[in-house]
file final_33.csv (CSV, C-alpha atoms (C1' of nucleotides))
chain,number,residue,atom,x,y,z
A,249,MET,CA,-3.7,-13.5,6.4
A,250,ALA,CA,-4.9,-11.0,9.0
A,251,LEU,CA,-3.1,-7.7,9.3
A,252,GLU,CA,-1.7,-6.9,12.7
A,253,HIS,CA,-2.4,-3.1,12.5
A,254,LEU,CA,-6.0,-2.2,12.2
A,255,PHE,CA,-7.8,1.1,11.5
A,256,GLN,CA,-9.9,2.1,14.5
A,257,GLY,CA,-11.7,5.2,15.7
A,258,SER,CA,-13.4,8.2,14.2
A,259,ALA,CA,-12.7,11.9,13.4
A,260,LEU,CA,-14.4,14.7,11.7
A,261,ASN,CA,-12.0,17.0,9.7
A,262,ALA,CA,-12.5,20.1,7.6
A,263,VAL,CA,-12.0,20.2,3.8
A,264,ASP,CA,-10.5,23.6,3.1
A,265,ALA,CA,-11.0,25.9,0.1
A,266,LYS,CA,-8.2,24.2,-1.7
A,267,GLY,CA,-9.7,20.8,-1.2
A,268,ARG,CA,-7.1,19.8,1.4
A,269,VAL,CA,-8.0,17.4,4.3
A,270,SER,CA,-5.9,16.2,7.2
A,271,ILE,CA,-5.8,12.5,7.5
A,272,PRO,CA,-6.3,11.9,11.3
A,273,ALA,CA,-3.0,11.1,13.0
A,274,PHE,CA,-4.3,7.8,14.4
A,275,LEU,CA,-5.0,6.5,10.9
A,276,ARG,CA,-1.6,7.7,9.6
A,277,GLY,CA,0.0,5.8,12.4
A,278,VAL,CA,-1.5,2.6,11.2
A,279,ILE,CA,-0.5,3.3,7.5
A,280,GLU,CA,3.1,3.9,8.5
A,281,ARG,CA,3.3,0.9,10.6
A,282,ARG,CA,1.9,-1.4,7.9
A,283,GLY,CA,4.4,-0.1,5.3
A,284,ASP,CA,6.6,2.9,4.9
A,285,ALA,CA,4.4,4.7,2.4
A,286,ARG,CA,2.9,8.1,3.2
A,287,THR,CA,0.1,7.5,0.7
A,288,ILE,CA,-3.5,6.4,0.7
A,289,VAL,CA,-5.6,4.7,-1.9
A,290,LEU,CA,-9.2,6.0,-2.5
A,291,ALA,CA,-12.1,4.2,-4.0
A,292,LYS,CA,-15.9,4.5,-4.1
A,293,HIS,CA,-17.3,2.2,-1.4
A,294,GLU,CA,-19.1,-0.8,-2.8
A,295,THR,CA,-22.2,-0.6,-0.7
A,296,PHE,CA,-22.3,2.8,1.0
A,297,ALA,CA,-22.4,6.3,-0.2
A,298,CYS,CA,-18.9,7.1,1.0
A,299,LEU,CA,-15.3,6.5,0.0
A,300,SER,CA,-13.2,3.5,1.0
A,301,ALA,CA,-9.6,4.1,1.8
A,302,TYR,CA,-6.5,2.1,2.6
A,303,ASP,CA,-2.8,2.0,2.3
A,304,PRO,CA,-0.7,0.7,-0.7
A,305,ALA,CA,0.3,-2.4,1.3
A,306,TYR,CA,-3.3,-3.4,1.7
A,307,ALA,CA,-3.9,-2.8,-2.1
A,308,ALA,CA,-1.1,-5.3,-2.9
A,309,LEU,CA,-2.5,-7.8,-0.5
A,310,LYS,CA,-6.0,-7.4,-2.1
A,311,HIS,CA,-4.5,-8.0,-5.5
A,312,ALA,CA,-2.7,-11.1,-4.4
A,313,LYS,CA,-6.0,-12.4,-3.0
A,314,LEU,CA,-7.7,-11.9,-6.3
A,315,GLU,CA,-5.0,-13.7,-8.2
A,316,ARG,CA,-5.3,-16.7,-6.0
A,317,LEU,CA,-9.0,-16.7,-6.4
A,318,LEU,CA,-8.6,-16.8,-10.1
A,319,GLU,CA,-6.2,-19.6,-10.1
A,320,LYS,CA,-8.5,-21.7,-8.0
A,321,GLU,CA,-11.7,-21.2,-9.9
A,322,GLU,CA,-10.2,-20.7,-13.4
A,323,THR,CA,-11.3,-22.4,-16.6
A,324,SER,CA,-14.8,-21.0,-16.1
A,325,PRO,CA,-15.4,-18.1,-18.6
A,326,ASP,CA,-17.6,-16.5,-16.0
A,327,ALA,CA,-14.8,-16.5,-13.4
A,328,ALA,CA,-12.4,-15.0,-15.9
A,329,LEU,CA,-14.8,-12.2,-16.7
A,330,GLU,CA,-15.5,-11.5,-13.1
A,331,TYR,CA,-11.8,-11.3,-12.4
A,332,GLN,CA,-11.4,-8.7,-15.2
A,333,GLN,CA,-14.2,-6.7,-13.7
A,334,ARG,CA,-12.9,-6.8,-10.2
A,335,ASN,CA,-9.4,-6.0,-11.3
A,336,LEU,CA,-10.7,-2.9,-13.1
A,337,MET,CA,-12.5,-1.8,-10.1
A,338,ALA,CA,-9.6,-2.4,-7.8
A,339,PHE,CA,-7.1,-0.4,-9.9
A,340,ALA,CA,-8.6,1.7,-12.6
A,341,ALA,CA,-11.4,3.0,-10.4
A,342,THR,CA,-9.1,4.0,-7.6
A,343,GLU,CA,-6.7,6.9,-7.0
A,344,GLU,CA,-3.6,6.9,-5.0
A,345,VAL,CA,-2.7,10.2,-3.2
A,346,PRO,CA,0.2,11.1,-1.1
A,347,TYR,CA,-0.1,13.1,2.1
A,348,ASP,CA,2.3,15.9,2.9
A,349,SER,CA,4.5,16.5,5.9
A,350,SER,CA,1.5,17.9,7.8
A,351,GLY,CA,-0.6,14.9,7.1
A,352,ARG,CA,-2.9,16.4,4.5
A,353,ILE,CA,-4.0,15.0,1.2
A,354,LEU,CA,-5.5,17.0,-1.7
A,355,MET,CA,-8.8,15.3,-2.2
A,356,PRO,CA,-9.0,14.4,-5.9
A,357,PRO,CA,-12.1,16.1,-7.5
A,358,MET,CA,-13.5,12.9,-8.9
A,359,MET,CA,-13.4,11.1,-5.6
A,360,ARG,CA,-14.8,14.2,-3.9
A,361,ARG,CA,-17.7,14.0,-6.2
A,362,LYS,CA,-18.1,10.2,-5.9
A,363,GLY,CA,-18.1,10.4,-2.2
A,364,GLN,CA,-20.2,13.6,-2.2
A,365,ILE,CA,-17.8,15.1,0.3
A,366,GLY,CA,-18.5,18.7,1.2
A,367,GLU,CA,-16.8,20.9,3.7
A,368,LEU,CA,-16.6,18.1,6.3
A,369,ALA,CA,-15.1,14.7,6.1
A,370,LEU,CA,-16.0,12.0,8.6
A,371,PHE,CA,-13.3,9.3,9.0
A,372,LEU,CA,-14.3,5.9,10.3
A,373,GLY,CA,-11.8,3.1,11.0
A,374,THR,CA,-13.1,-0.3,9.9
A,375,GLY,CA,-10.2,-2.6,10.6
A,376,GLU,CA,-8.4,-3.4,7.4
A,377,THR,CA,-9.6,-0.2,5.7
A,378,PHE,CA,-11.3,3.0,6.7
A,379,GLN,CA,-14.1,5.1,5.3
A,380,ILE,CA,-14.6,8.7,4.5
A,381,TRP,CA,-18.1,10.1,4.6
A,382,ASN,CA,-20.1,13.2,4.1
A,383,PRO,CA,-21.5,13.1,7.7
A,384,GLN,CA,-24.9,14.1,6.6
A,385,LEU,CA,-25.2,11.2,4.2
A,386,LEU,CA,-24.2,8.8,7.0
A,387,LEU,CA,-27.0,10.2,9.2
A,388,ASP,CA,-29.5,9.8,6.3
A,389,ASP,CA,-28.6,6.2,5.6
A,390,PRO,CA,-31.1,3.8,7.2
A,391,ARG,CA,-28.6,0.9,7.0
A,392,ILE,CA,-26.2,2.6,9.5
A,393,PRO,CA,-26.6,1.6,13.1
A,394,ASP,CA,-28.0,4.3,15.4
A,395,ASP,CA,-25.1,4.0,17.8
A,396,LEU,CA,-22.8,5.0,15.0
A,397,LYS,CA,-25.0,7.9,14.0
A,398,ASP,CA,-24.7,9.1,17.6
A,399,ILE,CA,-21.0,9.2,17.2
A,400,ALA,CA,-21.3,11.2,14.0
A,401,ARG,CA,-23.7,13.6,15.8
A,402,PHE,CA,-21.2,13.9,18.6
A,403,ARG,CA,-18.4,14.7,16.2
A,404,LEU,CA,-20.5,17.4,14.6
A,405,ASP,CA,-21.5,18.9,18.0
A,406,GLU,CA,-17.9,18.9,19.1
A,407,ARG,CA,-17.2,21.2,16.2
A,408,GLY,CA,-20.0,23.6,17.1
A,409,GLY,CA,-22.2,22.8,14.2
A,410,THR,CA,-25.7,21.6,14.9
A,411,ALA,CA,-26.6,18.3,13.4
B,231,MET,CA,-9.5,-19.7,21.8
B,232,ALA,CA,-9.7,-18.9,25.5
B,233,LEU,CA,-7.3,-16.3,26.8
B,234,GLU,CA,-5.1,-17.4,29.7
B,235,HIS,CA,-4.9,-14.1,31.4
B,236,LEU,CA,-8.2,-12.7,32.7
B,237,PHE,CA,-9.2,-9.4,34.1
B,238,GLN,CA,-10.5,-9.5,37.7
B,239,GLY,CA,-11.0,-7.2,40.6
B,240,SER,CA,-12.3,-3.8,41.2
B,241,ALA,CA,-11.0,-0.3,41.8
B,242,LEU,CA,-12.3,3.3,42.0
B,243,ASN,CA,-10.1,6.0,40.5
B,244,ALA,CA,-10.3,9.7,40.0
B,245,VAL,CA,-10.7,11.5,36.7
B,246,ASP,CA,-8.7,14.7,36.9
B,247,ALA,CA,-9.3,18.1,35.4
B,248,LYS,CA,-7.5,17.2,32.2
B,249,GLY,CA,-9.6,14.0,31.8
B,250,ARG,CA,-6.8,11.7,32.9
B,251,VAL,CA,-7.5,8.4,34.7
B,252,SER,CA,-5.1,5.8,36.1
B,253,ILE,CA,-5.8,2.3,34.8
B,254,PRO,CA,-5.5,0.1,37.9
B,255,ALA,CA,-2.1,-1.6,38.0
B,256,PHE,CA,-3.7,-5.1,38.3
B,257,LEU,CA,-5.5,-4.6,35.0
B,258,ARG,CA,-2.4,-3.2,33.3
B,259,GLY,CA,-0.6,-6.3,34.4
B,260,VAL,CA,-3.1,-8.5,32.4
B,261,ILE,CA,-2.9,-6.3,29.4
B,262,GLU,CA,0.9,-6.5,29.3
B,263,ARG,CA,0.9,-10.2,29.8
B,264,ARG,CA,-1.6,-10.7,26.9
B,265,GLY,CA,0.5,-8.7,24.5
B,266,ASP,CA,3.2,-6.1,24.7
B,267,ALA,CA,0.9,-3.1,24.0
B,268,ARG,CA,0.4,-0.4,26.5
B,269,THR,CA,-2.9,0.5,25.1
B,270,ILE,CA,-6.6,-0.1,25.8
B,271,VAL,CA,-9.6,-0.1,23.5
B,272,LEU,CA,-12.8,1.6,24.7
B,273,ALA,CA,-16.3,1.0,23.5
B,274,LYS,CA,-19.8,1.6,24.7
B,275,HIS,CA,-21.1,-1.5,26.5
B,276,GLU,CA,-23.8,-3.3,24.6
B,277,THR,CA,-26.3,-3.7,27.5
B,278,PHE,CA,-25.2,-1.6,30.4
B,279,ALA,CA,-24.7,2.2,30.9
B,280,CYS,CA,-20.9,1.9,31.1
B,281,LEU,CA,-17.9,1.4,28.9
B,282,SER,CA,-16.4,-1.9,27.9
B,283,ALA,CA,-12.6,-2.1,27.6
B,284,TYR,CA,-10.0,-4.5,26.5
B,285,ASP,CA,-6.5,-4.8,25.0
B,286,PRO,CA,-5.6,-4.7,21.3
B,287,ALA,CA,-4.8,-8.4,21.2
B,288,TYR,CA,-8.4,-9.2,22.2
B,289,ALA,CA,-9.7,-6.8,19.5
B,290,ALA,CA,-7.6,-8.5,16.8
B,291,LEU,CA,-8.9,-11.8,18.0
B,292,LYS,CA,-12.5,-10.6,17.7
B,293,HIS,CA,-11.8,-9.3,14.2
B,294,ALA,CA,-10.3,-12.6,13.1
B,295,LYS,CA,-13.5,-14.3,14.3
B,296,LEU,CA,-15.6,-11.9,12.3
B,297,GLU,CA,-13.6,-12.6,9.2
B,298,ARG,CA,-13.9,-16.3,9.5
B,299,LEU,CA,-17.6,-15.9,9.9
B,300,LEU,CA,-17.8,-13.9,6.7
B,301,GLU,CA,-15.9,-16.4,4.6
B,302,LYS,CA,-18.3,-19.2,5.7
B,303,GLU,CA,-21.6,-17.5,5.2
B,304,GLU,CA,-20.6,-15.2,2.3
B,305,THR,CA,-22.4,-14.7,-1.0
B,306,SER,CA,-25.7,-13.7,0.7
B,307,PRO,CA,-26.2,-9.9,0.3
B,308,ASP,CA,-27.8,-9.8,3.8
B,309,ALA,CA,-24.7,-11.3,5.3
B,310,ALA,CA,-22.5,-8.8,3.6
B,311,LEU,CA,-24.4,-5.9,5.0
B,312,GLU,CA,-24.5,-7.3,8.4
B,313,TYR,CA,-20.7,-7.8,8.2
B,314,GLN,CA,-20.3,-4.1,7.2
B,315,GLN,CA,-22.4,-3.0,10.2
B,316,ARG,CA,-20.6,-5.2,12.7
B,317,ASN,CA,-17.2,-4.0,11.4
B,318,LEU,CA,-18.3,-0.4,11.8
B,319,MET,CA,-19.4,-1.0,15.3
B,320,ALA,CA,-16.3,-2.9,16.2
B,321,PHE,CA,-13.9,-0.4,14.8
B,322,ALA,CA,-15.4,3.0,14.1
B,323,ALA,CA,-17.4,3.0,17.3
B,324,THR,CA,-14.4,2.3,19.5
B,325,GLU,CA,-11.3,4.2,20.4
B,326,GLU,CA,-7.8,3.0,21.1
B,327,VAL,CA,-5.9,5.0,23.7
B,328,PRO,CA,-2.4,4.5,25.0
B,329,TYR,CA,-1.5,4.8,28.6
B,330,ASP,CA,1.6,6.6,29.7
B,331,SER,CA,4.5,5.5,31.9
B,332,SER,CA,2.5,6.3,35.0
B,333,GLY,CA,-0.4,4.1,33.8
B,334,ARG,CA,-2.9,6.9,32.9
B,335,ILE,CA,-5.0,7.3,29.8
B,336,LEU,CA,-6.6,10.5,28.6
B,337,MET,CA,-10.3,9.5,28.5
B,338,PRO,CA,-11.6,10.6,25.1
B,339,PRO,CA,-14.5,13.1,25.5
B,340,MET,CA,-16.8,11.0,23.3
B,341,MET,CA,-16.3,7.9,25.5
B,342,ARG,CA,-16.6,9.9,28.6
B,343,ARG,CA,-20.0,11.1,27.5
B,344,LYS,CA,-21.1,7.7,26.2
B,345,GLY,CA,-20.2,6.1,29.5
B,346,GLN,CA,-21.4,9.1,31.5
B,347,ILE,CA,-18.2,9.1,33.4
B,348,GLY,CA,-17.8,12.0,35.9
B,349,GLU,CA,-15.1,12.6,38.4
B,350,LEU,CA,-14.9,9.0,39.4
B,351,ALA,CA,-14.4,5.8,37.4
B,352,LEU,CA,-15.2,2.4,38.7
B,353,PHE,CA,-13.2,-0.4,37.1
B,354,LEU,CA,-14.6,-3.9,37.1
B,355,GLY,CA,-12.7,-6.9,35.8
B,356,THR,CA,-15.0,-9.3,33.8
B,357,GLY,CA,-12.6,-11.9,32.5
B,358,GLU,CA,-11.8,-11.3,28.9
B,359,THR,CA,-12.7,-7.6,29.2
B,360,PHE,CA,-13.3,-5.1,31.9
B,361,GLN,CA,-15.8,-2.4,32.5
B,362,ILE,CA,-15.6,1.3,33.4
B,363,TRP,CA,-18.6,2.7,35.3
B,364,ASN,CA,-19.9,5.9,36.7
B,365,PRO,CA,-20.3,4.3,40.2
B,366,GLN,CA,-23.6,6.1,40.7
B,367,LEU,CA,-25.1,4.6,37.6
B,368,LEU,CA,-24.1,1.1,38.7
B,369,LEU,CA,-25.8,1.6,42.0
B,370,ASP,CA,-28.9,2.8,40.2
B,371,ASP,CA,-29.1,-0.1,37.8
B,372,PRO,CA,-31.7,-2.7,39.0
B,373,ARG,CA,-30.0,-5.4,37.0
B,374,ILE,CA,-26.8,-5.3,39.0
B,375,PRO,CA,-26.5,-7.8,41.8
B,376,ASP,CA,-26.6,-6.4,45.3
B,377,ASP,CA,-23.3,-8.0,46.3
B,378,LEU,CA,-21.6,-6.1,43.5
B,379,LYS,CA,-23.3,-2.8,44.6
B,380,ASP,CA,-21.9,-3.5,48.1
B,381,ILE,CA,-18.4,-3.6,46.5
B,382,ALA,CA,-19.1,-0.3,44.7
B,383,ARG,CA,-20.3,1.3,48.0
B,384,PHE,CA,-17.2,0.0,49.8
B,385,ARG,CA,-14.9,1.6,47.2
B,386,LEU,CA,-16.8,4.8,47.5
B,387,ASP,CA,-16.6,4.8,51.4
B,388,GLU,CA,-12.9,4.0,51.1
B,389,ARG,CA,-12.5,7.2,49.4
B,390,GLY,CA,-14.5,9.2,51.9
B,391,GLY,CA,-17.3,10.0,49.5
B,392,THR,CA,-20.8,9.2,50.7
B,393,ALA,CA,-22.7,6.9,48.4
C,208,DT,C1',-0.9,34.2,-18.3
C,209,DT,C1',-3.7,31.5,-15.5
C,210,DC,C1',-5.3,27.9,-12.9
C,211,DA,C1',-4.0,24.6,-9.9
C,212,DA,C1',-0.9,21.8,-7.2
C,213,DT,C1',3.1,21.9,-4.0
C,214,DC,C1',5.8,23.9,-0.6
C,215,DC,C1',6.6,26.7,3.3
C,216,DC,C1',5.5,29.1,7.4
C,217,DA,C1',2.3,30.4,11.2
C,218,DT,C1',-0.9,29.4,15.1
C,219,DA,C1',-4.1,27.7,18.5
C,220,DA,C1',-5.7,23.9,20.7
C,221,DA,C1',-5.0,19.4,22.3
C,222,DA,C1',-2.2,15.7,23.6
C,223,DA,C1',2.0,13.6,25.3
C,224,DC,C1',5.8,14.0,28.4
C,225,DC,C1',8.3,14.9,32.6
C,226,DC,C1',8.8,15.7,37.4
C,227,DA,C1',7.0,16.1,42.1
C,228,DT,C1',4.1,14.6,46.0
C,229,DT,C1',1.5,11.6,48.7
C,230,DG,C1',-0.3,7.6,50.6
C,231,DT,C1',-0.1,2.8,51.2
C,232,DA,C1',1.5,-1.7,51.3
C,233,DT,C1',5.9,-4.4,51.6
C,234,DC,C1',10.2,-5.6,53.1
C,235,DC,C1',14.1,-5.9,56.1
C,236,DC,C1',16.6,-5.6,60.1
C,237,DG,C1',17.4,-4.9,64.7
D,99,DC,C1',7.4,-8.0,66.8
D,100,DG,C1',8.0,-3.0,65.9
D,101,DG,C1',9.7,0.6,63.2
D,102,DG,C1',11.6,2.5,59.9
D,103,DA,C1',13.1,2.2,55.0
D,104,DT,C1',11.5,1.0,50.4
D,105,DA,C1',8.9,0.4,46.3
D,106,DC,C1',5.1,1.3,43.8
D,107,DA,C1',0.6,3.1,42.9
D,108,DA,C1',-2.3,7.2,42.2
D,109,DT,C1',-2.6,11.9,41.3
D,110,DG,C1',-1.3,17.0,40.6
D,111,DG,C1',0.9,20.4,37.9
D,112,DG,C1',3.8,22.5,34.5
D,113,DT,C1',6.3,22.2,29.9
D,114,DT,C1',7.1,20.5,25.4
D,115,DT,C1',5.4,18.4,21.2
D,116,DT,C1',2.0,17.1,17.9
D,117,DT,C1',-2.2,18.1,15.3
D,118,DA,C1',-5.3,20.3,12.6
D,119,DT,C1',-5.8,24.2,9.9
D,120,DG,C1',-5.2,28.7,7.6
D,121,DG,C1',-2.7,31.6,4.4
D,122,DG,C1',0.8,33.0,1.4
D,123,DA,C1',4.6,32.1,-2.0
D,124,DT,C1',6.5,29.2,-5.6
D,125,DT,C1',6.4,26.0,-9.2
D,126,DG,C1',4.7,24.1,-13.4
D,127,DA,C1',2.0,22.7,-16.8
D,128,DA,C1',-1.8,24.1,-20.1
call {"tool": "encode", "arguments": {"input": "final_33.csv", "output": "structure tokens"}}
result
Amino acid sequence: MALEHLFQGSALNAVDAKGRVSIPAFLRGVIERRGDARTIVLAKHETFACLSAYDPAYAALKHAKLERLLEKEETSPDAALEYQQRNLMAFAATEEVPYDSSGRILMPPMMRRKGQIGELALFLGTGETFQIWNPQLLLDDPRIPDDLKDIARFRLDERGGTA
Amino acid sequence: MALEHLFQGSALNAVDAKGRVSIPAFLRGVIERRGDARTIVLAKHETFACLSAYDPAYAALKHAKLERLLEKEETSPDAALEYQQRNLMAFAATEEVPYDSSGRILMPPMMRRKGQIGELALFLGTGETFQIWNPQLLLDDPRIPDDLKDIARFRLDERGGTA
DNA sequence: TTCAATCCCATAAAAACCCATTGTATCCCG
DNA sequence: CGGGATACAATGGGTTTTTATGGGATTGAA
């Protein structure tokens, strides 16, 4: 498959008192080039203490991939159950939120809790999708490469906060 | 794979007060022959104290390679984590910057610090990618061949600066 | 009413854009 | 072969546009 437009780069944005966050312009650019939606899909990340985010076009693609996988491995009861589980996670456990004309979303409270997002949201492009972190949790995770933590620290410094 | 257009040659350009740098025309030529983007991707070099740079087409190619690797080795939890880490480094730890009609980029502050780039940027073609150095750091690195340092010194002399 | 989401407007900083200058290499023509 | 004329690269500076973000005002459902 391979998508031609990939999410890349990092940014640290504020979450204001109303729970609004600006989606960095360079990520919005990719979303709007992939499709014409001004919307992102949020989910808890599978392995890290952060949120995973992507555009509706990618969600559709992901769904198609699951369908194909099912058709291939079918007949096994295990496979069918696994499909049901994955499907639930892919759709029921996600939230789709539009961003407004200034590029901001209202972070849904449930996702905010799941991602433990506080006053600051660290956006990280990861190719097909991007991640949203509480920067402190990223710094605390031993599985994250040091070079990436340096970037998080730089983004925090840039803002004047001491990390 | 093998790309047909390769980066080669060297140039020393100024970084102005706004942080702008001209990408040498001979490198831009390669970028635009590889794809139609007028954009470069910047990353910290893995082994040297400089930046690594390439075009989006090369980045996509690298990504596709990673994807194929994952599908082959999948299922292992270790492999999955390693994949996540690589993806983060390849995308979150890089920045994509467009160059304008006069061939200049705005060097992102984070990359400028990571590469310790001051007022001068030394561009070195290395085939599939190219490097951007603080010329002084190149001269100070014992791992760099003397012949290459001579080239750096020549570029500095050309400019009137004493190396 | 009340809380919360959406819309609208304001602003400061940063980035993108446009235009001008210089220097150098190239070309053309006498 | 010399000497302009030309084209393009690199760079400086100003102006406009975009971004991120704050703060009302309005809508709407509970």
call {"tool": "closest_atom_pairs", "arguments": {"input": "final_33.csv", "of": "chain B", "to": "chain A", "cutoff": "9 Å", "atoms": "only C-alpha atoms", "output": "CSV"}}
result
residue,atom,partner,partner_atom,distance
B:Ala290,CA,A:Glu252,CA,7.4
B:His293,CA,A:Gly375,CA,7.8
B:Ala294,CA,A:Ala250,CA,7.0
B:Glu297,CA,A:Ala250,CA,8.8
B:Leu311,CA,A:Thr295,CA,8.1
B:Gln314,CA,A:Thr374,CA,8.6
B:Gln315,CA,A:Ile392,CA,6.8
B:Asn317,CA,A:Thr374,CA,5.7
B:Leu318,CA,A:Thr374,CA,5.5
B:Met319,CA,A:Leu396,CA,6.9
B:Ala320,CA,A:Thr374,CA,7.5
B:Phe321,CA,A:Gln256,CA,4.7
B:Ala322,CA,A:Gly257,CA,4.6
B:Ala323,CA,A:Leu396,CA,6.2
B:Thr324,CA,A:Gly257,CA,5.5
B:Glu325,CA,A:Gly257,CA,4.8
B:Glu326,CA,A:Gln256,CA,7.0
B:Met340,CA,A:Phe402,CA,7.1
call {"tool": "interface_residues", "arguments": {"input": "final_33.csv", "of": "chain C", "to": "chain A", "cutoff": "10 Å", "atoms": "only C-alpha atoms (C1' of nucleotides)", "output": "PyMOL selection string"}}
result
chain C and resi 211-214
call {"tool": "closest_residue", "arguments": {"input": "final_33.csv", "among": "B:Asp308, B:Cys280, B:Val271, B:Gly333", "to": "chain D", "atoms": "all atoms listed in the file"}}
result
B:Gly333
call {"tool": "residues_near_point", "arguments": {"input": "final_33.csv", "point": "(6.0, 30.6, 6.0)", "cutoff": "9 Å", "atoms": "all atoms listed in the file", "output": "list in words"}}
result
DC215, DC216 and DA217 of chain C; DG121, DG122 and DA123 of chain D
call {"tool": "residues_around", "arguments": {"input": "final_33.csv", "residues": "Gly348 in chain B", "least_positions_apart": "4", "cutoff": "8 Å", "atoms": "all atoms listed in the file", "output": "PyMOL selection string"}}
result
chain B and resi 245+342+364
call {"tool": "atom_distance", "arguments": {"input": "final_33.csv", "atom1": "CA of Lys292 in chain B", "atom2": "CA of Pro390 in chain A"}}
result
25.8 Å
call {"tool": "interface_residues", "arguments": {"input": "final_33.csv", "of": "chain A", "to": "chain D", "cutoff": "12 Å", "atoms": "all atoms listed in the file", "output": "number ranges by chain"}}
result
A: 259-266, 268-274, 276, 349-352
call {"tool": "closest_residue", "arguments": {"input": "final_33.csv", "among": "A:Met359, A:Ala291, A:Ala301, A:Leu404", "to": "Leu275 in chain A", "atoms": "all atoms listed in the file"}}
result
A:Ala301
call {"tool": "atom_distance", "arguments": {"input": "final_33.csv", "atom1": "CA of Thr287 in chain A", "atom2": "CA of Pro328 in chain B"}}
result
24.6 Å
call {"tool": "atom_distance", "arguments": {"input": "final_33.csv", "atom1": "CA of Leu299 in chain A", "atom2": "CA of Ile380 in chain A"}}
result
5.1 Å
call {"tool": "residues_around", "arguments": {"input": "final_33.csv", "residues": "Leu385 in chain A", "least_positions_apart": "4", "cutoff": "9 Å", "atoms": "all atoms listed in the file", "output": "VMD selection string"}}
result
chain A and resid 297 to 298 364 381 389
call {"tool": "build_atoms", "arguments": {"input": "final_33.csv", "residues": "range 387-399 of chain A", "atoms": "N, CA and C atoms", "output": "CSV table (one decimal), in the frame of the given file"}}
result
chain,number,residue,atom,x,y,z
A,387,LEU,N,-25.8,10.1,8.3
A,387,LEU,CA,-27.0,10.2,9.2
A,387,LEU,C,-28.3,9.8,8.4
A,388,ASP,N,-28.3,10.1,7.1
A,388,ASP,CA,-29.5,9.8,6.3
A,388,ASP,C,-29.6,8.3,5.9
A,389,ASP,N,-28.5,7.5,6.0
A,389,ASP,CA,-28.6,6.2,5.6
A,389,ASP,C,-29.2,5.2,6.6
A,390,PRO,N,-30.3,4.6,6.2
A,390,PRO,CA,-31.1,3.8,7.2
A,390,PRO,C,-30.3,2.5,7.5
A,391,ARG,N,-29.3,2.1,6.8
A,391,ARG,CA,-28.6,0.9,7.0
A,391,ARG,C,-27.5,1.1,8.1
A,392,ILE,N,-27.2,2.4,8.5
A,392,ILE,CA,-26.2,2.6,9.5
A,392,ILE,C,-26.8,2.5,10.9
A,393,PRO,N,-26.1,1.7,11.8
A,393,PRO,CA,-26.6,1.6,13.1
A,393,PRO,C,-26.7,2.9,13.9
A,394,ASP,N,-27.8,3.0,14.7
A,394,ASP,CA,-28.0,4.3,15.4
A,394,ASP,C,-26.8,4.7,16.3
A,395,ASP,N,-26.2,3.7,16.9
A,395,ASP,CA,-25.1,4.0,17.8
A,395,ASP,C,-24.0,4.7,17.0
A,396,LEU,N,-23.8,4.4,15.8
A,396,LEU,CA,-22.8,5.0,15.0
A,396,LEU,C,-23.2,6.4,14.6
A,397,LYS,N,-24.5,6.6,14.3
A,397,LYS,CA,-25.0,7.9,14.0
A,397,LYS,C,-24.8,8.8,15.2
A,398,ASP,N,-25.0,8.3,16.4
A,398,ASP,CA,-24.7,9.1,17.6
A,398,ASP,C,-23.3,9.6,17.6
A,399,ILE,N,-22.4,8.8,17.2
A,399,ILE,CA,-21.0,9.2,17.2
A,399,ILE,C,-20.8,10.3,16.1
